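Asker: What follows is a single structure, and I will ask about it in a moment.
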Amino acid sequence: MRDLIALLTFLAFTSAAAKPNAGLKTWSRFSKLPYPGDKAFLYDTFPEDFIWAVGTAAYQVEGAFEKDGKGLSIWDTFTRGGNRMATGDVGSDSYHNIHADIRAIGQLGVSHYRFSLSWSRIFPNGTRGSYNKIGTNYYRTLIKRLKEIRVQPVVTLYHWDLPDHLQQSLGGWSNPELVGIFKDYADFCFHTFGDDVKYWITIDNPFVVARHGYGTGVVAPGIKNDPDLPFRVGHNLLKAHAAAWHLYDRHYRPRQHGKLSMALASHWIKPSRTRLESLRECQCSLDHVLGWFARPLFTDGDYPPCMKARLGSRLPSFTQEEREQVRGTADFFALSHGAALSFQLINDSLKFGQQEDLDLRMLLYWVNAEYDRPPIFVVQSGWYVLGNTKTEDPKHMYYLKTFIAEALKSIVIDGVNVIGYTAWSLIDGFEWHREYGIRRGLYYVDFNTPDMKREPKTSATFYRNVIQRNGFPELPENRPAQGVFPCDFAWGVSANSIQVESTPSQFADPSVYRWNVNNGELMRLEGFSSPPLHRNTHCADYATVRQQVDEIRQMGVNHFHFSLNWSALVPSGDVARPNAALLGYYRCFTRQLLQASVTPVVTLWHHTRQRSSLPAPLDTANKWLNRETPEAFADYARLCYRELGAHVKIWITLNEPNDEMVSYQEGHQMLRAHALAWHAYDREFRHLQGGQVSLALHMDWVEPAFSFSREDVEPAKRVLDFFVGWFAEPVFGSGDYPLGMRSWLRQLNSLDLPVFNEEDRRLVKGTYDFFAISHFSTKLVTHAKEDSYTYTAVLEVQHMIDTTWIMSSMPVVPWGLRKALNWVKEHYSDVPVYVMANGVQEDPARFKDSLRVYYLYNYINEALKAYTLDGVNLKGYFAYALSDQRDPGFGLYGQVHEEVIVKASLSNYRNIIQHNGFPVQGAEPQQCPSLPQPCLGCHVLTKRPVVGFLTLASHIKRALRRLRPDFSLICLASSGGRSRPSFLQT
């Protein structure tokens, strides 16, 4: 597959060289990729010769700012001016800790290490005449040690730390004389270190040097009084780079065989609107940051037209000779991306009304298109955490995962020639204008210890694992499963509630109408009504029953799950005085479901945060904390069993009571209520009705943020104990709350968790016939604490997400369902399990609901793995939900005004049901016993306008004859096999 993609990409691009503004197609291209499939995580590996690197910058980590003859740099001076509080005088003290840095590099397993030379450590005043041998030997030693552990150096000549003498005497990079001085410095470095260096970076991030060093003054040398100075500085930086490149190309490349480039950093930007003008502004924004330096190097030796048009004479001009000198002076595209100043643009001046975004993949594609497919080496990539974070850095780790995953997709899917990736940075250090307020290292540095102790962070462990596997190789559990569910598998759909009619809508209108034969309209005659009907209400009288049952039947499911309304059924709280009309409606609905070969699954009480749904007397009397409420619930359950039990064989007592807003005392009474209702059925109704009863728990999966860390496995278990085991263990397990839950609260000296007396323990334990869960998503938890995530103090856990997950209102993580099902099996053995609700929220206006199609397919496939591979006793799966009308955003049916719309997800779900899963292609069809035929009475649900009209016509006929005795009525006229009514006056 990869070879095919590469070939197609090559053919697509070889027809012609990149055209001006070729990157403009990037936004359109990515907007058309299949959603959400393209957002799914890609399991694959990088090319065998892929470069895995890590990097640092000299001023950030070396320290020893005046030791062994080193001269001052502009950062040594800059950090002592103004209101700055900290310096890089010591940094991470890498100058004295080569052994510690080498050990860290070796532990990571990288193939390359990017570091920068401190110009003023080699030439203290910036020129060759001040040569410092001791400083030079420091880098010789570093390179030698790297070679010993088989790590190749990637050397940056200039990473923002200009010798201060050149700034003070010449004005720094604003002076064209620095072009020749830099060339001489580069010549010395090529000569001294070049035999061991195959990748050179001349200048790092010239955008920051020019704009923020000589424009905004945010970084050294801090100049900000001339708005045009950054462009003159950028001009000199380009010419300095070109001079160094040509020097290497002529005098060193033939023998050393190395490659040179300038490291260019960029943000990514997305349009605020879809108009072409917005895309052009995005293109121009990238031109002002990245194109400023990339276009001269990779295209035509000149600045982007957009810059020239907007800046005019403020932008220096290249002569033709200078253009030729600059053009083509990069052997690869060295790209920086992440938390650099070029991403955080400080202000909106270069966004041109558009929005910054953090998307490495799209940036790589843009570079590939805009600059004619250069090999791209990501020489800096990563994010940061706040300075108080120590060795656990989940935010940094998951950003790192995201960027690496995007680079992989760029190679495999987009055909971009990405040759290497550099995680930034190796160790914590001085973070420029942020000083020590943030940390970007894979290794934590304790700045308060004499030897600047280095400890690997979790991001370092993660990066090492990625390098060892050369990416994210697909494992068996990542592959879609093939197979089918058992023949008696329950395929269902759930709804929180159903649409209820308080009175029948058929045969209930006493009005008299006159038919307009010209336009077919019925006009009500004021002042007239038909005689009352002397007939009992029939289930067919309810149009909503017919409509809803018909919608459910068309889905192909064999089960339907919905909830009753306790407060509406027994508004007074007295089961001896129920709402007879509502009870009759529920009776009709469940009976008609059965007649349509759909098994009703009925919840007695559905917990909602918005309202208690308890009868008014209980609602005002302390709700679930009232000791009488469980008894009242059991009486209500008996009423439902008695009145509906002939049609309902699967009951849910409480649906999702394990809500974080429910107190432990309320939960205790809910458990008693469930148990009393279960025992009522078991003793009084089961022998006659033969049904099953249980409760349904909300069970989203909880995954350790660091799966390789034992310290995070415990928090994940703790959260599951508190939110699932809380209700599950008393019913399905020991008859008491989880041991881990009770012991944790005891540590906190909390008395909130009630104690089961022996009577309640016997009452609750074992009150189940199956284990039902509602599952929607997965979240990560860690014991580490970062300010940017939600922290639950009581459980001492931080909740977070993996930034590579597909995001809706909640993350889409199909494998979480399989893990949840396995948790049930692990804790409660072979208990029958139903997934009673599983769905995703999507814009109700999207009838081609591709996210829901993806969601259902992949979650059901994970359920199949749990059944076929893991041995989970899975009995059924219910998609959530039936319709947007009752469950907005979750429906498989949509609605526009009064019209019901069949969404794409419904058709896909029906197809899975028809195949009973995902059968192996070409295999013999599954042999299942014939399904029972629908009952003979089902024809009453079929629309029969003739019968309906005849009944109506008889009343109209009597009424009209009272009005006009000469009126006669013809009921039927035949036309093309269809029956239609007509009124004819004689």
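Labeling convention for the structure tokens: chains A, B, ... as they appear, residues from 1 per chain, ligands from 1 in order of appearance.
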Determine which residues of stretch 478-523 of chain A DSSP labels as strand (DSSP E or B) from the backbone of this structure, then write them out as a list in words.
Answerer: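 Restricting stretch 478-523 of chain A to strand (DSSP E or B) produces Gly483, Val484, Ala490, Trp491, Gly492, Val493, Ser494, Ser511, Val512, Tyr513, Arg514, Trp515, Leu522 and Met523 of chain A.
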Asker: Would you give me, as a Markdown table, each residue of stretch 332-389 of chain A having an atom within 12 Å of an atom of stretch 211-218 of chain A, along with its shortest atom pair and that distance in Å to one decimal, using only C-alpha atoms and sorting by chain and residue number?
Answerer:
| residue | atom | partner | partner_atom | distance |
| --- | --- | --- | --- | --- |
| A:Ala340 | CA | A:His212 | CA | 11.4 |
| A:Leu341 | CA | A:His212 | CA | 8.2 |
| A:Ser342 | CA | A:His212 | CA | 9.3 |
| A:Gln344 | CA | A:His212 | CA | 11.6 |
| A:Leu345 | CA | A:His212 | CA | 9.9 |
| A:Ile346 | CA | A:Thr216 | CA | 9.2 |
| A:Asn347 | CA | A:Thr216 | CA | 10.2 |
| A:Ser349 | CA | A:Thr216 | CA | 11.8 |
| A:Leu350 | CA | A:Arg211 | CA | 11.3 |
Asker: For A:Ala568, list every protein, DNA or RNA residue within 12 Å, evaluated using only C-alpha atoms, and leave out those in the same chain fewer than 3 positions away; present the list as a ChimeraX atom specification.
Answerer: /A:500,502,563-565,571-575,577-583,586,604-605,612-616,636
Asker: In Å, rounded to a single decimal, give me how far atom CA of A:Leu695 is from atom CA of A:Val484.
Answerer: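 Taking atom CA of A:Val484 as the start and atom CA of A:Leu695 as the end point, the length is 26.9 Å.
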Asker: Please, what distance in Å, to one decimal, runs between atom CA of A:Leu42 and atom CA of A:Pro375?
Answerer: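 These two atoms are separated by 21.7 Å.
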Asker: If you run DSSP over the backbone, which residues in stretch 638-838 of chain A end up helix (DSSP H, G or I)? Put them as a PyMOL selection string.
Answerer: chain A and resi 638-644+664-684+686-689+710-732+739-747+758-764+815-828
Asker: Using only C-alpha atoms, find each residue in stretch 624-657 of chain A having at least one atom no more than 8 Å away from stretch 593-602 of chain A; report its shortest atom-to-atom pair and that distance in Å (one decimal), rows by chain then rising number, as a tab-separated table.
Answerer:
residue	atom	partner	partner_atom	distance
A:His647	CA	A:Leu594	CA	6.9
A:Val648	CA	A:Pro600	CA	5.6
A:Lys649	CA	A:Val601	CA	7.2
A:Ile650	CA	A:Val601	CA	5.0
A:Trp651	CA	A:Val602	CA	5.1
A:Ile652	CA	A:Val602	CA	6.0
Asker: Can you list, as a PDB file with N, CA and C atoms, in the first residue's frame, every protein, DNA or RNA residue that comes within 10 Å of A:Asn916 when you count only C-alpha atoms, leaving out same-chain residues fewer than 4 positions away?
Answerer:
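Result written to out.pdb:
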ATOM      1  N   GLY A 483     -15.940 -11.780  11.591  1.00  0.00           N
ATOM      2  CA  GLY A 483     -16.696 -12.799  12.301  1.00  0.00           C
ATOM      3  C   GLY A 483     -18.113 -12.327  12.529  1.00  0.00           C
ATOM      4  N   VAL A 484     -18.900 -13.188  13.124  1.00  0.00           N
ATOM      5  CA  VAL A 484     -20.305 -12.872  13.358  1.00  0.00           C
ATOM      6  C   VAL A 484     -20.656 -13.139  14.815  1.00  0.00           C
ATOM      7  N   PHE A 485     -21.743 -12.528  15.235  1.00  0.00           N
ATOM      8  CA  PHE A 485     -22.271 -12.733  16.575  1.00  0.00           C
ATOM      9  C   PHE A 485     -23.171 -13.973  16.575  1.00  0.00           C
ATOM     10  N   PRO A 486     -23.541 -14.469  17.735  1.00  0.00           N
ATOM     11  CA  PRO A 486     -24.420 -15.643  17.779  1.00  0.00           C
ATOM     12  C   PRO A 486     -25.796 -15.341  17.177  1.00  0.00           C
ATOM     13  N   CYS A 487     -26.504 -16.398  16.801  1.00  0.00           N
ATOM     14  CA  CYS A 487     -27.785 -16.211  16.118  1.00  0.00           C
ATOM     15  C   CYS A 487     -28.807 -15.485  16.978  1.00  0.00           C
ATOM     16  N   ASP A 488     -28.746 -15.685  18.301  1.00  0.00           N
ATOM     17  CA  ASP A 488     -29.733 -15.046  19.170  1.00  0.00           C
ATOM     18  C   ASP A 488     -29.270 -13.694  19.698  1.00  0.00           C
ATOM     19  N   PHE A 489     -28.286 -13.089  19.023  1.00  0.00           N
ATOM     20  CA  PHE A 489     -27.745 -11.811  19.478  1.00  0.00           C
ATOM     21  C   PHE A 489     -28.822 -10.730  19.418  1.00  0.00           C
ATOM     22  N   ALA A 490     -28.876  -9.915  20.441  1.00  0.00           N
ATOM     23  CA  ALA A 490     -29.862  -8.830  20.501  1.00  0.00           C
ATOM     24  C   ALA A 490     -29.308  -7.591  19.816  1.00  0.00           C
ATOM     25  N   TRP A 491     -29.870  -7.250  18.671  1.00  0.00           N
ATOM     26  CA  TRP A 491     -29.522  -6.002  17.991  1.00  0.00           C
ATOM     27  C   TRP A 491     -30.603  -4.984  18.327  1.00  0.00           C
ATOM     28  N   ARG A 910     -28.064  -0.965   9.800  1.00  0.00           N
ATOM     29  CA  ARG A 910     -28.949  -2.031   9.324  1.00  0.00           C
ATOM     30  C   ARG A 910     -28.165  -3.088   8.544  1.00  0.00           C
ATOM     31  N   ASN A 911     -27.180  -2.642   7.783  1.00  0.00           N
ATOM     32  CA  ASN A 911     -26.369  -3.579   7.014  1.00  0.00           C
ATOM     33  C   ASN A 911     -25.551  -4.497   7.932  1.00  0.00           C
ATOM     34  N   ILE A 912     -24.990  -3.931   9.005  1.00  0.00           N
ATOM     35  CA  ILE A 912     -24.250  -4.752   9.974  1.00  0.00           C
ATOM     36  C   ILE A 912     -25.182  -5.770  10.612  1.00  0.00           C
ATOM     37  N   GLN A 926     -23.833 -17.669   7.680  1.00  0.00           N
ATOM     38  CA  GLN A 926     -24.169 -18.192   9.001  1.00  0.00           C
ATOM     39  C   GLN A 926     -25.540 -18.870   8.946  1.00  0.00           C
TER      40      GLN A 926
END
Asker: List as a tab-separated table (two decimals) with N, CA, C and O atoms, in the first residue's frame the protein and nucleic acid residues near A:Trp245, meaning an atom at most 10 Å away when only C-alpha atoms are counted, but skip any in the same chain fewer than 2 places from it.
Answerer:
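And here's selection.tsv as it stands now:
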chain	number	residue	atom	x	y	z
A	183	LYS	N	30.88	33.98	7.50
A	183	LYS	CA	31.48	33.03	6.57
A	183	LYS	C	32.81	32.53	7.11
A	183	LYS	O	33.12	31.33	7.02
A	186	ALA	N	32.14	30.14	9.94
A	186	ALA	CA	31.69	28.86	9.37
A	186	ALA	C	32.86	28.08	8.80
A	186	ALA	O	32.94	26.85	8.95
A	200	TRP	N	24.57	20.07	8.69
A	200	TRP	CA	24.86	21.39	9.24
A	200	TRP	C	23.61	22.28	9.12
A	200	TRP	O	22.93	22.27	8.10
A	201	ILE	N	23.37	23.03	10.18
A	201	ILE	CA	22.38	24.12	10.14
A	201	ILE	C	23.16	25.41	10.30
A	201	ILE	O	23.88	25.59	11.29
A	202	THR	N	23.05	26.30	9.34
A	202	THR	CA	23.82	27.54	9.43
A	202	THR	C	23.23	28.48	10.48
A	202	THR	O	23.91	28.89	11.41
A	239	LYS	N	22.03	36.30	3.13
A	239	LYS	CA	23.29	36.38	2.40
A	239	LYS	C	24.42	35.68	3.17
A	239	LYS	O	25.31	35.07	2.57
A	240	ALA	N	24.37	35.75	4.51
A	240	ALA	CA	25.37	35.07	5.32
A	240	ALA	C	25.25	33.56	5.16
A	240	ALA	O	26.25	32.84	5.01
A	241	HIS	N	24.02	33.09	5.19
A	241	HIS	CA	23.80	31.66	4.98
A	241	HIS	C	24.31	31.22	3.61
A	241	HIS	O	25.01	30.20	3.49
A	242	ALA	N	23.96	31.99	2.58
A	242	ALA	CA	24.36	31.62	1.21
A	242	ALA	C	25.88	31.59	1.08
A	242	ALA	O	26.44	30.70	0.42
A	243	ALA	N	26.54	32.56	1.73
A	243	ALA	CA	28.01	32.58	1.66
A	243	ALA	C	28.60	31.33	2.29
A	243	ALA	O	29.55	30.73	1.76
A	247	LEU	N	30.69	28.26	0.35
A	247	LEU	CA	32.00	27.90	0.87
A	247	LEU	C	32.09	26.40	1.09
A	247	LEU	O	33.07	25.75	0.67
A	248	TYR	N	31.09	25.85	1.75
A	248	TYR	CA	31.09	24.40	2.02
A	248	TYR	C	31.01	23.61	0.71
A	248	TYR	O	31.74	22.63	0.53
A	249	ASP	N	30.15	24.07	-0.18
A	249	ASP	CA	29.92	23.35	-1.44
A	249	ASP	C	31.21	23.25	-2.25
A	249	ASP	O	31.48	22.20	-2.86
A	250	ARG	N	32.01	24.34	-2.25
A	250	ARG	CA	33.22	24.36	-3.09
A	250	ARG	C	34.41	23.68	-2.42
A	250	ARG	O	35.18	22.97	-3.07
A	252	TYR	N	34.50	21.96	0.94
A	252	TYR	CA	34.41	20.89	1.94
A	252	TYR	C	33.52	19.71	1.52
A	252	TYR	O	33.79	18.57	1.91
A	253	ARG	N	32.49	19.99	0.75
A	253	ARG	CA	31.56	18.92	0.40
A	253	ARG	C	32.25	17.76	-0.34
A	253	ARG	O	31.95	16.58	-0.04
A	259	LYS	N	25.71	17.90	4.30
A	259	LYS	CA	24.59	18.68	3.77
A	259	LYS	C	24.32	19.87	4.68
A	259	LYS	O	24.48	19.78	5.90
A	260	LEU	N	23.91	20.98	4.04
A	260	LEU	CA	23.67	22.22	4.78
A	260	LEU	C	22.28	22.76	4.51
A	260	LEU	O	21.73	22.60	3.42
A	261	SER	N	21.74	23.44	5.52
A	261	SER	CA	20.48	24.15	5.34
A	261	SER	C	20.36	25.22	6.41
A	261	SER	O	21.22	25.34	7.29
A	262	MET	N	19.33	26.02	6.29
A	262	MET	CA	18.97	27.02	7.30
A	262	MET	C	17.68	26.55	7.95
A	262	MET	O	16.75	26.15	7.25
A	325	GLN	N	23.10	33.94	-6.15
A	325	GLN	CA	23.94	33.52	-5.04
A	325	GLN	C	23.11	32.84	-3.94
A	325	GLN	O	23.55	31.89	-3.30
A	326	VAL	N	21.89	33.33	-3.74
A	326	VAL	CA	21.03	32.82	-2.65
A	326	VAL	C	20.24	31.59	-3.10
A	326	VAL	O	20.06	30.63	-2.34
A	328	GLY	N	18.80	28.19	-4.24
A	328	GLY	CA	19.28	26.81	-4.23
A	328	GLY	C	20.31	26.50	-3.17
A	328	GLY	O	20.95	25.43	-3.24
A	329	THR	N	20.47	27.36	-2.19
A	329	THR	CA	21.51	27.12	-1.17
A	329	THR	C	20.94	26.38	0.05
A	329	THR	O	21.13	26.81	1.19
A	330	ALA	N	20.23	25.30	-0.21
A	330	ALA	CA	19.75	24.45	0.88
A	330	ALA	C	19.67	23.03	0.35
A	330	ALA	O	19.04	22.78	-0.68
A	331	ASP	N	20.32	22.11	1.04
A	331	ASP	CA	20.36	20.72	0.58
A	331	ASP	C	19.16	19.92	1.08
A	331	ASP	O	18.91	18.82	0.61
Asker: Smallest atom-to-atom distance to A:Ser694: which of A:Ala675, A:Leu639, A:Ala58, A:Leu569, using only C-alpha atoms?
Answerer: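 Closest candidate: A:Ala675.
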Asker: Can I get the residues of stretch 672-742 of chain A within 9 Å of stretch 754-778 of chain A, each with the closest pair of atoms and their distance in Å to one decimal, using only C-alpha atoms, sorted chain first then ascending number, as CSV?
Answerer:
residue,atom,partner,partner_atom,distance
A:Arg672,CA,A:Val764,CA,6.4
A:His674,CA,A:Val764,CA,7.9
A:Ala675,CA,A:Val764,CA,5.1
A:Leu676,CA,A:Leu763,CA,7.4
A:Trp678,CA,A:Thr767,CA,6.0
A:His679,CA,A:Thr767,CA,7.2
A:Gln692,CA,A:Asp769,CA,5.7
A:Val693,CA,A:Asp769,CA,5.7
A:Ser694,CA,A:Tyr768,CA,4.7
A:Leu695,CA,A:Ala772,CA,6.5
A:Ala696,CA,A:Ala772,CA,4.5
A:Leu697,CA,A:Ile773,CA,4.8
A:His698,CA,A:Ser774,CA,4.7
A:Met699,CA,A:His775,CA,5.2
A:Asp700,CA,A:His775,CA,5.0
A:Trp701,CA,A:Thr778,CA,4.6
A:Val702,CA,A:Thr778,CA,5.8
A:Glu703,CA,A:Thr778,CA,7.2
A:Ala728,CA,A:Phe771,CA,8.7
A:Glu729,CA,A:Lys765,CA,8.5
A:Pro730,CA,A:Lys765,CA,5.7
A:Val731,CA,A:Lys765,CA,4.6
A:Phe732,CA,A:Gly766,CA,5.6
A:Gly733,CA,A:Lys765,CA,7.0
A:Ser734,CA,A:Lys765,CA,6.8
A:Gly735,CA,A:Lys765,CA,4.4
A:Asp736,CA,A:Phe756,CA,6.6
A:Tyr737,CA,A:Phe756,CA,8.5
Asker: So that I can check the surroundings of A:Ala64, please list as a list in words every protein, DNA and RNA residue that reaches within 10 Å of it, counting only C-alpha atoms and ignoring chain neighbours fewer than 4 positions away.
Answerer: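 The contact residues come out as Tyr59, Asp68, Gly69, Lys70, Gly88, Asp89, Val90, Gly91, Ser92, Asp93, Ser94, Tyr95, His96 and Arg121 of chain A.
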Asker: Can you tell me which residues surround stretch 457-462 of chain A at a distance of at most 10 Å, considering only C-alpha atoms, apart from same-chain residues fewer than 5 positions away, and format the answer as a PyMOL selection string?
Answerer: chain A and resi 104+107-108+389-401+423+426-427+441-445+467-468+705-709
Asker: For a quick check of understanding, using only C-alpha atoms, which of A:Leu335, A:Ala543, A:Val517, A:Ala845 has the smallest distance to A:Thr503?
Answerer: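 Smallest distance to A:Thr503 is found for A:Ala543.
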Asker: Which residue gives the smallest distance to A:Arg150 among A:Thr590, A:Ser111, A:Asn225, A:Asn858, with only C-alpha atoms counted?
Answerer: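 Selected residue with least distance to A:Arg150: A:Ser111.
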